[in-house]
Every structure is written in C-alpha cells, then in structure tokens.
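Please read the structure below before turning to the comments.
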Amino acid sequence: MIMQQQPVISIRNLGKHYGDKVALDNVNLDIYPGQVIGYIGPNGAGKSTTVKILTGLISHFNGSVTILGMDLREQDIEIKKRIGYVPENAELYELLTPREYLHFIGGLHEMPETKIDERMERMLQAFGLENNLDERMDTFSKGMRQKVLLTAGLLHNPDIIILDEPLSGLDANSVIIIKELLGRLKQEGKTIFYCSHMMDVVEKVSDLIVLIKDGRVVAEGTIDQLRQFEGQSLEQLFAKLTVTEDLNRKADNLARAIGQ
Amino acid sequence: MNLFLNILLFLLQPVLRLTGVNSVQLKVLLKARLLIDNRRPNAMMKTRNKPIKWGNVLSILAGFLYGLILLMPFLFTEADDVALFMSLTLLTVLMGMLLITDFADVIYSTRDNMIVLPRPVDSKTFLMSRIVYVCIYMLRLAIPMLTPAVIALGLMYSGKAAALYLLLGLLQVLNTVFLANAAYLLLLRFVSASRIKNALNNIQILFSILAFGTYYLMPKIMESDAFKTLHLTDIKWLQVTPMYWSTATWTWIASNARVAPLLPVLTLLFPLVGLGIVIKFFAPYFASKLGDINEGEKAEPRKTKKEQTGKFSLAGLVCSNAVQRSFFTFVWKLTTRSRNFRMKVYPTFAFVPIYMLMMVMRKGEIGNFSGIAERLQNGSMFLIWIYSSCLTIIVAYTHVMYSDNFKAAWVYFVSPVSKPGEALAGTFKTLMIKFYLPFYLFISAACIAVWGAAVLQHLVLGMVHVTLFVLCMAYIMHRKLPFSMSQEEQNANGRVFLRSMLTLLVPAILGGLHYFAVNYWWALLVLFCISSVFALMLYRLLRQVTWTDMAK
C-alpha cells in the first residue's frame with residue numbers, strides 16, 4: 001500500500017568521498033510517508049555523512065537526493081523548512097537560555113513569536129524543563145541539552161524528522177517519552193529517519209531497517225524480513241553483517257594487552 | 001539591543017533589498033550573536049552576576065593609546081592632504097591587523113555549522129550576518145582609536161574638520177572589512193575545503209607580519225625628508241585607493257579645495273557597493289564551503305611519522321623524568337599543530353628582525369647598511385638586540401595555556417601527577433628550545449658579525465638573564481597547565497595584571513644592571529654568578545609547584 005505512494009526521500013546512487021577515502025558508495029534508498037527508518041551501522045560506516053547530506057550540511061556529493069519531490073541541490077532552503085534535525089552532539093549556544101535559543105531557532109524558521117512561546121512551553125513542560133526555561137544552558141546536563149535540542153528540532157512541526165542518536169544522555173523516563181513520541185509522530189504521518197547504535201530501540205520503533213557498512217547498504221528490510229533471512233536478533237544480525245573478526249577473540253586480545 | 005538592530009537594518013535596507021538578504025533572519029542571527037557575546041565570562045571580575053565593565057574601560061584606553069599613532073602624520077608633515085592620507089592608511093593597517101588576527105576566524109567559524117546550516121537560512125543571509133557582526137565590532141573598536149586625532153583636528157582646524165575625519169575614518173573601517181573579506185572569499189572560492197584552514201592561517205601570518213612591519217617602520221619613514229616634501233598627486237596609483245578619495249572629500253569640505261566630484265561620491269558609496277558585491281558574488285558558495293571545511297578536515301586522515309621516543313629523543317635528552325618528558329613532547333607537538341597558537345605566535349617570528357632594524361635605524365639612514373654597522377660598532381646596541389631575542393617566547397608563554405579545546409585538559413587533573421610543577425618545567429623547556437634558542441642563535445650571529453668575539457661575554461650573560469626572566473614568567477605569571485583555559489579567559493583578571501606588571505620589571509632591572517656593568521668584566525662575572533644561582537633556584541621552585549599552588 002505504502003509503496004504505491006511517492007517516496008518522501010529518494011536517494012539515488014549517492015556517493016561521497018574525501019580524497020581517496022570513500023564515505024558513501026552508491027547508496028540507493030526510498031523512504032515513504034509515515035515510515036520510521038532505522039539507519040544503523042558501525043562507527044565510520046557513513047551514517048553521519050548521509051544525515052549531513054540530507055540536512056544540507058554537506059552540499060557536494062555524487063548522485064541525487066529528492067526530498068518531498070524537490071531536488072536537494074536546487075531547493076535546499078525549501079527542503080530545510082520542512083525538515084527537523086536533532087544532531088548527535090549536543091551542539092547549541094549554551095550561553096543562551098532555552099527560551100532565547102528556541103526563539104532564535106523559531107526566528108530562523110520565521111515563526112510568529114507567540115507560536116514559538118506556546119509550543120516551546122508545552123514541549124518543555126512535557127520534558128519536565130518548565131522551571132529551567134529562563135536559565136542559561138551552560139549549567140545543563142547532557143540530557144537537559146538533548147531535550148532542548150529535540151524541542152528545537154520539532155518546534156516548526158516538520159514533515160520529516162532526522163534524529164541522530166536522539167536518546168544519547170537521556171534518562172530512562174525520557175527515553176520512554178521519546179519512544180512514545182516517535183509512535184505519535186508516525187501516526188500523524190511524519191517520516192522519521194532514525195540513526196542509532198541502540199539496537200533494541202531501533203528494533204522496536206522502525207518500520208524499515210537499513211544497515212550500512214563501509215559506505216554501502218548491506219541489508220534492508222523490516223525487522224521480520226531480516227529475521228526470516230537470518231533468524232536472529234537485530235544485535236546479532238548487526239554483528240554478523242558488520243564484523244569480519246571474532247569479537248570474543250578481540251576482547252581476549254585486549255585483556256591480554258593490558259595484562260602484559 | 002532591538003532598537004539598535006532595527007536602526008541598523010533600516011540603514012542597510014537598500015543593500016538588503018538589492019542582494020536579496022532575508023532581513024528577519026538577519027536580525028535573529030545578529031541578536032543571538034550579540035547576546036552571546038554580552039554573556040561571555042568577564043574574567044576581570046571572575047563573576048557573571050556583577051558584570052562590571054572594567055574590561056571595556058581597559059580596551060577603550062588601549063584603543064585610545066593605539067590611536068595616538070593616527071595623530072603622528074599631522075605632526076610630521078605640513079601638507080594636510082598627505083597627513084590625512086597617511087593617517088587613514090595607518091588606520092587601515094591597524095584595522096587590517098585586527099581583522100586578520102581576531103576577526104577572520106569569526107567570518108569563517110564553523111562552530112555553529114550544526115546549529116544554523118540545517119535551518120532554512122540562505123547563504124547570503126548567513127554571510128551578511130557575519131560581515132555585519134564584524135563591522136559592528138570593528139566600528140566599536142575604531143571609535144576610541146579615532147578619538148585622539150578627532151580631538152587634535154578639532155583644535156588644529158575646526159569642529160567640521162574633526163567630525164568629517166571621524167566619519168571618513170569609520171567609512172574607511174568598513175572599506176577595510178569588505179576588502180579583507182573579498183580577498184578571503186576569493187581564497188575560499190579557489191582553494192579546496194581540506195586546505196582552506198591552513199591556507200587562511202598562513203595568509204593571516206603573512207599579513208600580520210606585513211602589517212606589523214608597516215606599522216612600526218612607518219614612523220621612521222615619516223621622519224625622512226622625502227616624506228616631508230611629498231605631494232599626493234605625484235603618485236598616480238594612489239588615486240585608486242579609498243584613502244585618496246576620503247582625503248579629497250575632506251579637503252573639499254574642510255578647506256574648500258577643488259576636487260573631482262566623483263571622489264566624494266565614491267567615498268560614500270564604496271562601502272555599500274563593496275558590501276553588495278561581496279554578498280552578490282561570494283555568498284552563493286559560502287555556506288556550502290563552510291560545511292565542507294569541517295567535513296573535509298574530519299574525513300581526510302593526516303598521518304605523521306612515528307618518532308623516536310625515550311632516552312634518545314630530544315625530550316629524553318633535556319628532561320629528567322617521565323612527566324616532564326610527556327609535557328615536553330605534548331607542548332612541542334601542539335604548538336606546531338594548533339592553528340590558533342600558530343596564528344597568535346608565529347607572526348612574532350618576523351618581529352625580532354623588524355625590531356632589530358627599527359631600533360638601529362635613524363633618520364636618513366634607511367638603506368645605508370654599512371653606515372649603520374659602522375655607527376653600531378661604537379655603541380652598546382647589542383644589549384637591545386640580545387634582549388629582544390626573548391620577544392617570541394614572551395608571546396608564546398602568553399598563549400600556550402589557552403585553547404579552543406581546553407576541556408580536554410580534564411586528563412591532567414585525573415592523572416596521578418603529584419607535582420604539576422614537573423609539567424610546568426616540561427613546558428618551560430619546550431618553549432625555551434623552540435621559541436627562544438633559534439632567535440638567540442640568530443642574534444648571536446648578527447652580534448658577532450657586527451661587534452666581533454668581544455660580545456660573547458654579553459651574549460652569555462644575556463642568555464642567563466633571559467632564562468631567569470622566562471622562569472619568573474613561568475613561576476609567577478603563567479602558573480597554568482598548557483592548553484587548559486578557554487580563549488575567553490584570556491582577559492587578565494586584576495591579580496594577573498598586577499603579576500604581569502611586576503614580572504615586566506624583571507627584564508628592566510636585569511637589562512639595566514647589564515647596561516651599567518657593560519664595561520667591567522668583573523661586574524659581568526658577578527652578575528652572571530648571581531643570576532645563574534637565582535635561575536637555578538627558580539627552576540627548582542617551578543618543579544616543586546603543587547596543585548594547591550596552581551589554584552592560587
């Protein structure tokens with residue numbers, strides 16, 4: 001049913017290299033409205049490069065990317081208006097308060113001030129940060145900053161949400177809230193591109209899982225399809241597809257190196 | 001702040017409309033940037049709750065003092081137009097120096113890439129926000145600098161002449177910003193992303209050497225007779241410079257001189273047209289190139305050769321224990337690889353020869369090297385040369401404790417080092433070998449060439465004195481671990497200021513003693529012995545510094 005719709009994100013022969021180093025090699029992907037994509041892979045596989053291309057942080061790449069029917073190279077500003085991005089590292093202006101920071105972000109999206117206030121207050125209240133709205137963020141914990149970043153990513157009610165390790169630093173209760181939120185957003189028809197190492201969460205929230213290694217897609221399908229194929233948990237499947245050496249032997253070697 | 005930004009945007013409206021910059025987003029970007037700047041910790045008072053503006057008062061005073069040099073042309077030449085032209089040229093050089101050392105990094109900062117670039121902000125608006133931000137700061141710095149000349153012109157000519165000088169000076173500051181940006185953006189256009197930061201860094205170093213040379217040698221040139229009889233119209237190419245147009249405008253309004261009507265028009269329009277051109281031609285690839293700069297850097301691995309370690313390395317030869325050795329190597333490598341450190345310190349490599357020249361040059365002697373050498377042999381100018389060899393190490397010591405990556409210094413505090421003094425000693429040895437010894441050898445060669453072997457005794461005593469002075473700096477003033485503090489903390493607090501003043505007395509006393517002892521070999525010997533003992537004692541004290549001492 002879904003497949004008959006137009007893809008929201010269509011990636012064709014996507015490639016990116018830095019000098020001789022290949023970061024992405026011929027990636028092809030179609031993502032449909034309302035889907036949650038779990039984009040997983042080991043460190044250095046090319047996940048962040050993909051995300052940075054989709055969010056316009058990297059503009060030089062090979063192949064084509066079409067988002068919401070628009071070419072990323074031609075209409076990047078229009079696309080950015082409809083994307084919400086939560087980066088992996090909690091990068092924000094920590095000398096500002098959440099209210100000031102969110103007004104800044106809302107301002108860049110040219111949202112009315114009252115709308116920004118209304119949404120931010122409700123969202124931060126849900127995260128339990130209503131009493132910290134006017135405190136500078138330089139004293140915030142990593143989890144608190146992550147909550148502000150999540151709010152900043154969703155403030156303008158985007159159609160596509162790109163999350164790069166969004167649960168990093170969050171406490172157990174906040175993780176539950178985010179998982180629930182992802183479900184609700186999906187119900188509302190939002191498309192979610194979810195990049196993470198946390199296999200259990202990816203397994204639970206994703207409709208489609210894309211496994212990437214050395215810049216190439218090595219597996220793609222729903223969790224059930226992947227299980228049928230390999231008959232294992234996502235974590236084991238991940239290890240099987242991305243590791244060429246025996247992990248136990250590596251751990252032994254490490255322990256021996258320390259002991260010497 | 002809102003009112004200020006509204007007025008500013010109103011004034012910029014024609015350029016914004018012409019270039020297609022989004023004024024709503026521009027205001028949001030500028031407001032956030034200025035708000036953040038106002039909140040930077042004020043190290044002067046070490047508290048954020050009482051933002052007493054002593055730092056601002058000091059910077060205004062410093063600007064005022066710098067500005068005194070803009071007055072000099074009016075004192076050295078009788079032709080008003082030449083004086084004004086030189087004054088504006090000096091202002092351009094001063095502003096260029098500031099732009100290159102402090103503000104180029106603001107324009108090309110990739111720190112907020114992750115925050116701003118994923119938002120729907122176009123490249124023009126993004127670039128405009130950074131240029132306008134730099135302009136605001138440059139104008140703020142320029143006002144105290146222009147003040148001495150404005151007051152003097154008010155007294156020498158009229159209020160109208162003074163006000164006009166202020167306006168022309170401010171326009172010249174804007175011109176400098178746009179010209180510097182155009183040059184940098186041109187570089188950004190043609191150099192690959194992975195090399196851009198190094199290219200920028202090298203150009204910054206080169207430019208600051210040029211600017212420094214001009215700034216210090218200019219007064220010597222102004223003293224020459226050729227300068228006093230100079231006519232601006234004699235040198236045709238000067239007529240295409242904005243300083244010439246401003247000079248023409250000033251003479252037209254202040255002294256009713258006849259000038260081509262185009263020149264005042266150019267003076268007024270050039271800054272706005274300059275801004276428009278920069279935005280129109282360079283903005284389209286600005287944001288994308290900024291994005292690529294970080295990515296290119298992260299992704300391309302830079303390999304270095306595995307080096308000799310242990311007893312047979314340089315660190316092994318000069319350091320007595322593992323902590324010293326590891327800090328020696330660490331500081332050696334980071335002072336080579338940190339762009340920020342290189343930017344702040346490497347230009348001073350050229351300062352030593354410039355100072356050497358500046359100190360010995362006299363009126364009418366420019367270019368006459370044999371005449372200079374002959375005169376020098378009869379004096380004790382070698383003392384100034386010997387002591388100026390420590391210029392670079394002073395600057396290196398001032399900057400070695402600061403880093404953008406200062407948070408990584410947590411590793412010092414969790415390591416089982418009982419006496420951080422050993423780390424300070426390792427740092428001291430690196431800086432002495434890397435930033436003092438080469439200059440000392442260069443100056444020794446120059447001194448021996450001019451004065452012969454008789455100068456050797458002074459060279460030896462000079463080295464002991466500089467070592468003693470640097471140890472004083474390390475022990476009293478810079479008792480901080482390398483690369484462990486943020487750039488924002490660089491504004492000295494009251495105590496450090498006092499310490500700096502006291503420490504600066506040391507070379508004055510040591511140099512003074514050397515000067516008085518210059519003709520008595522026994523006095524030189526006594527000084528050598530006493531200073532060597534003090535240096536050894538201080539070195540031992542430095543090694544004994546504890547964590548509690550560091551906190552003082």
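Chain labels follow the order of the structure tokens: the first chain is A, the next B, and so on; residue numbering restarts at 1 in every chain, and ligands are counted from 1 in their shown order.
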
At a cut-off of 10 Å, can you tabulate as CSV every residue of chain A near chain B together with its closest atom pair and the distance in Å to one decimal, using only C-alpha atoms and ordering rows by chain then number?
```
residue,atom,partner,partner_atom,distance
A:His17,CA,B:Ala299,CA,8.7
A:Tyr18,CA,B:Glu300,CA,6.0
A:Gly19,CA,B:Glu300,CA,6.7
A:Asp20,CA,B:Glu300,CA,8.2
A:Lys21,CA,B:Glu300,CA,7.0
A:Val22,CA,B:Ala299,CA,9.3
A:Ala23,CA,B:Ala299,CA,8.2
A:Gly44,CA,B:Ala299,CA,9.5
A:Thr49,CA,B:Glu295,CA,8.6
A:Lys52,CA,B:Pro118,CA,8.5
A:Ile53,CA,B:Pro118,CA,9.9
A:Leu54,CA,B:Pro118,CA,9.0
A:Thr55,CA,B:Pro118,CA,5.3
A:Gly56,CA,B:Pro118,CA,5.8
A:Leu57,CA,B:Gly291,CA,5.3
A:Ile58,CA,B:Gly291,CA,5.6
A:Ser59,CA,B:Ser288,CA,5.6
A:His60,CA,B:Asp292,CA,7.7
A:Asp76,CA,B:Pro120,CA,7.8
A:Ile77,CA,B:Pro120,CA,4.7
A:Glu78,CA,B:Pro120,CA,7.0
A:Ile79,CA,B:Pro120,CA,7.8
A:Lys80,CA,B:Pro120,CA,4.9
A:Lys81,CA,B:Pro120,CA,5.3
A:Arg82,CA,B:Pro120,CA,8.8
A:Ile83,CA,B:Arg119,CA,8.3
A:Gly84,CA,B:Pro118,CA,8.4
A:Tyr85,CA,B:Pro118,CA,7.2
A:Val86,CA,B:Met114,CA,9.4
A:Pro87,CA,B:Met114,CA,7.3
A:Glu88,CA,B:Met114,CA,9.7
A:Asn89,CA,B:Met114,CA,9.0
A:Ala90,CA,B:Met114,CA,9.6
A:Glu91,CA,B:Met114,CA,6.8
A:Leu92,CA,B:Ile115,CA,6.4
A:Tyr93,CA,B:Ile36,CA,7.7
A:Glu94,CA,B:Ile36,CA,8.7
A:Leu95,CA,B:Ile36,CA,5.8
A:Leu96,CA,B:Ile36,CA,6.6
A:Glu100,CA,B:Ala32,CA,8.0
A:Tyr101,CA,B:Ala32,CA,8.0
A:His103,CA,B:Val28,CA,8.5
A:Phe104,CA,B:Val28,CA,6.0
A:Ile105,CA,B:Arg119,CA,7.9
A:Gly106,CA,B:Val28,CA,9.2
A:Gly107,CA,B:Val28,CA,5.9
A:Leu108,CA,B:Gln25,CA,5.3
A:His109,CA,B:Pro120,CA,6.4
A:Glu110,CA,B:Gln25,CA,7.1
A:Arg136,CA,B:Arg39,CA,9.8
A:Leu149,CA,B:Ile115,CA,9.7
A:Ala152,CA,B:Ile115,CA,9.9
A:Gly153,CA,B:Arg119,CA,9.7
```

From a DSSP calculation on the backbone, collect every residue of segment 63-232 of chain A in helix (DSSP H, G or I) and output the set as a PyMOL selection string. chain A and resi 76-81+98-108+113-126+130-132+137-139+142-154+172-187+199-205+223-230

Skipping near chain neighbours, those fewer than 4 positions away, what residues fall within 10 Å of Gly69 of chain A using only C-alpha atoms, listed as a VMD selection string? chain A and resid 6 to 10 65 75 79

Pick out the residues sitting within 12 Å of Phe140 of chain A, and hand them over as a list in words; count only C-alpha atoms, and ignore anything fewer than 2 positions along from it in its own chain.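 These residues fall inside the cut-off: Ala90, Leu92, Tyr93, Glu94, Leu95, Leu96, Thr97, Pro98, Leu129, Asn132, Leu133, Asp134, Glu135, Arg136, Met137, Asp138, Lys142, Gly143, Met144, Arg145, Gln146, Lys147, Val148 and Gly169 of chain A.
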